[in-house]
Amino acid sequence: MKKDKISIIVPCYNEEQALPYFYNEVIKLQKEMKNVNFEYLFINDGSKDNTLNVLRELSKKDKKVRYISFSRNFGKEAAIYAGLENSTGDYVAVMDADLQDPPSLLPQMYDSIKNEGYDSVGTRRVTRKGEPPIRSFFARMFYKIINKLSKVEMVDGARDYRLMSRQVVDSIISLKEYNRYSKGLFSFVGFNTKWIEFENVERVAGETKWSFWKLFLYAIEGIIAFSTAPLAIASIIGIIFCIVSMLMILIIIVKTLVFGDPVSGWPSMMCVIFLVGGIQLFCMGIIGQYLSKTYLETKKRPIYIIKETEDRNR
């Protein structure tokens with residue numbers, strides 16, 4: 001009987017310290033899941049440390065280890081896409097190298113797809129222990145906002161860590177957009193998905209690559225990628241200010257003609273000008289974000305560029 005094959009995709013950016021720990025954990029997993037063949041596909045996303053050399057050594061030692069090294073840093077979304085596109089397994093898992101995605105959950109995830117009829121199994125954190133409170137607050141707010149704005153449901157606390165059938169993977173690969181937001185794409189393709197909850201796990205080694213500013217920009221990317229509601233909001237704000245300005249004009253006319261109250265006071269006038277100008281710039285910024293994404297899409301640039309793979313190293 002032919003064994004199923006699971007491809008584990010691991011995006012890596014400056015993960016030389018975490019990779020040995022990660023490899024040891026998945027080797028333990030391999031011994032536990034003897035009825036499955038494994039393929040480990042590491043994506044070196046332009047790391048500036050010794051990550052590539054570590055991957056070279058692992059690929060020499062273990063033929064199941066494959067790697068793709070980008071010509072520069074293209075971002076985690078590009079790394080995930082490259083992994084999905086180059087995976088060969090019947091089932092494909094996306095997992096971080098820092099062990100914040102517990103490999104021990106994979107047997108349960110595989111069983112859910114194989115025996116319970118699910119097409120994919122995602123994971124979500126039920127706590128954010130060890131995370132700065134301000135980051136946790138904004139993360140929860142982001143999911144509330146995007147689920148209000150978008151028609152695609154996104155689960156609060158969802159990780160990129162998930163196991164998918166080949167059909168799901170092929171569906172995601174078919175989405176060739178340049179501006180990618182994987183959590184949204186996973187939801188967009190649909191299919192029957194089961195969610196497994198787990199407690200937050202600290203990094204095994206190294207430092208996080210996600211600053212508050214990067215997470216903020218990533219959140220904007222997700223909103224723009226899966227909702228046009230901000231454009232509608234900009235239009236509504238414009239309409240409201242037109243109505244307010246008309247009312248203010250009527251009030252000024254009535255005060256001047258009926259009560260003989262002359263219009264005076266440049267400070268109040270300047271406040272109104274600054275307020276309206278700020279709203280206009282805000283709305284233009286929203287339109288500019290959508291325009292910039294459209295501009296990048298029309299360029300048809302590759303999502304990633306490969307510099308080296310394990311085939312050149314063996």
# chains A, B, ... in the order shown; residues from 1 in each chain; ligands from 1
>>> residues_around(residues="stretch 38-44 of chain A", least_positions_apart="5", cutoff="6 Å", atoms="only C-alpha atoms", output="list in words")
Lys5, Ile6, Ser7, Ile8, Ile9, Val10, Pro11, Cys12, Lys64, Val65, Arg66, Tyr67, Ile68, Ser69 and Ala79 of chain A
>>> write_last_selection(atoms="N, CA and C atoms", output="CSV table (one decimal), in the first residue's frame")
chain,number,residue,atom,x,y,z
A,5,LYS,N,2.1,11.2,1.4
A,5,LYS,CA,3.3,12.0,1.5
A,5,LYS,C,2.9,13.4,2.0
A,6,ILE,N,3.5,13.9,3.1
A,6,ILE,CA,3.3,15.2,3.6
A,6,ILE,C,4.5,16.1,3.4
A,7,SER,N,4.2,17.2,2.7
A,7,SER,CA,5.2,18.2,2.5
A,7,SER,C,5.1,19.3,3.6
A,8,ILE,N,6.2,19.5,4.3
A,8,ILE,CA,6.2,20.6,5.3
A,8,ILE,C,6.9,21.8,4.8
A,9,ILE,N,6.2,22.9,4.6
A,9,ILE,CA,6.9,24.1,4.1
A,9,ILE,C,7.3,25.0,5.3
A,10,VAL,N,8.5,25.4,5.3
A,10,VAL,CA,9.0,26.2,6.4
A,10,VAL,C,9.7,27.5,5.8
A,11,PRO,N,9.0,28.7,5.9
A,11,PRO,CA,9.6,29.9,5.5
A,11,PRO,C,10.7,30.3,6.5
A,12,CYS,N,11.8,30.7,6.0
A,12,CYS,CA,12.9,31.1,6.9
A,12,CYS,C,13.5,32.4,6.6
A,64,LYS,N,15.5,14.0,2.5
A,64,LYS,CA,14.1,14.4,2.5
A,64,LYS,C,14.1,16.0,2.7
A,65,VAL,N,15.2,16.6,3.0
A,65,VAL,CA,15.3,18.0,3.2
A,65,VAL,C,15.5,18.7,1.8
A,66,ARG,N,14.6,19.5,1.4
A,66,ARG,CA,14.8,20.4,0.2
A,66,ARG,C,14.8,21.8,0.7
A,67,TYR,N,15.4,22.7,-0.1
A,67,TYR,CA,15.4,24.1,0.2
A,67,TYR,C,15.4,24.9,-1.1
A,68,ILE,N,14.8,26.1,-1.0
A,68,ILE,CA,14.8,27.1,-2.1
A,68,ILE,C,15.3,28.3,-1.5
A,69,SER,N,16.3,28.9,-2.1
A,69,SER,CA,16.9,30.2,-1.6
A,69,SER,C,16.6,31.3,-2.6
A,79,ALA,N,7.3,33.5,0.2
A,79,ALA,CA,7.9,32.2,0.7
A,79,ALA,C,6.9,31.1,0.8
>>> residues_around(residues="A:Asn14", least_positions_apart="2", cutoff="6 Å", atoms="only C-alpha atoms", output="list of chain:residue names")
A:Glu16, A:Ser47, A:Asp49, A:Thr51
>>> residues_around(residues="A:Lys3", least_positions_apart="6", cutoff="7 Å", atoms="only C-alpha atoms", output="PDB file with N, CA, C and O atoms, in the first residue's frame")
ATOM      1  N   ASN A  35       3.492   5.729   9.175  1.00  0.00           N
ATOM      2  CA  ASN A  35       2.679   5.386   8.007  1.00  0.00           C
ATOM      3  C   ASN A  35       2.660   6.488   6.947  1.00  0.00           C
ATOM      4  O   ASN A  35       1.916   6.424   5.972  1.00  0.00           O
ATOM      5  N   VAL A  36       3.496   7.516   7.155  1.00  0.00           N
ATOM      6  CA  VAL A  36       3.523   8.669   6.243  1.00  0.00           C
ATOM      7  C   VAL A  36       4.960   8.968   5.828  1.00  0.00           C
ATOM      8  O   VAL A  36       5.883   8.873   6.641  1.00  0.00           O
ATOM      9  N   ASN A  37       5.145   9.321   4.561  1.00  0.00           N
ATOM     10  CA  ASN A  37       6.437   9.821   4.092  1.00  0.00           C
ATOM     11  C   ASN A  37       6.458  11.338   4.217  1.00  0.00           C
ATOM     12  O   ASN A  37       5.426  11.997   4.045  1.00  0.00           O
TER      13      ASN A  37
END
>>> select_by_dssp(residues="stretch 51-185 of chain A", states="strand (DSSP E)", output="list in words")
Val65, Arg66, Tyr67, Ile68, Ser69, Phe70, Tyr91, Val92, Ala93, Val94, Ser120, Val121, Gly122, Thr123, Arg124, Arg125, Ala158, Arg159, Asp160, Tyr161, Arg162, Leu163, Met164 and Ser165 of chain A
>>> residues_around(residues="stretch 101-114 of chain A", least_positions_apart="3", cutoff="10 Å", atoms="only C-alpha atoms", output="ChimeraX atom specification")
/A:4,6,22,25-26,28-30,32-33,36,91-98,117-125,159-165,192-203
>>> closest_residue(among="A:Lys148, A:Lys300, A:Lys293, A:Arg180", to="A:Glu77", atoms="only C-alpha atoms")
A:Arg180
>>> atom_distance(atom1="atom CA of A:Lys60", atom2="atom CA of A:Leu19")
14.9 Å
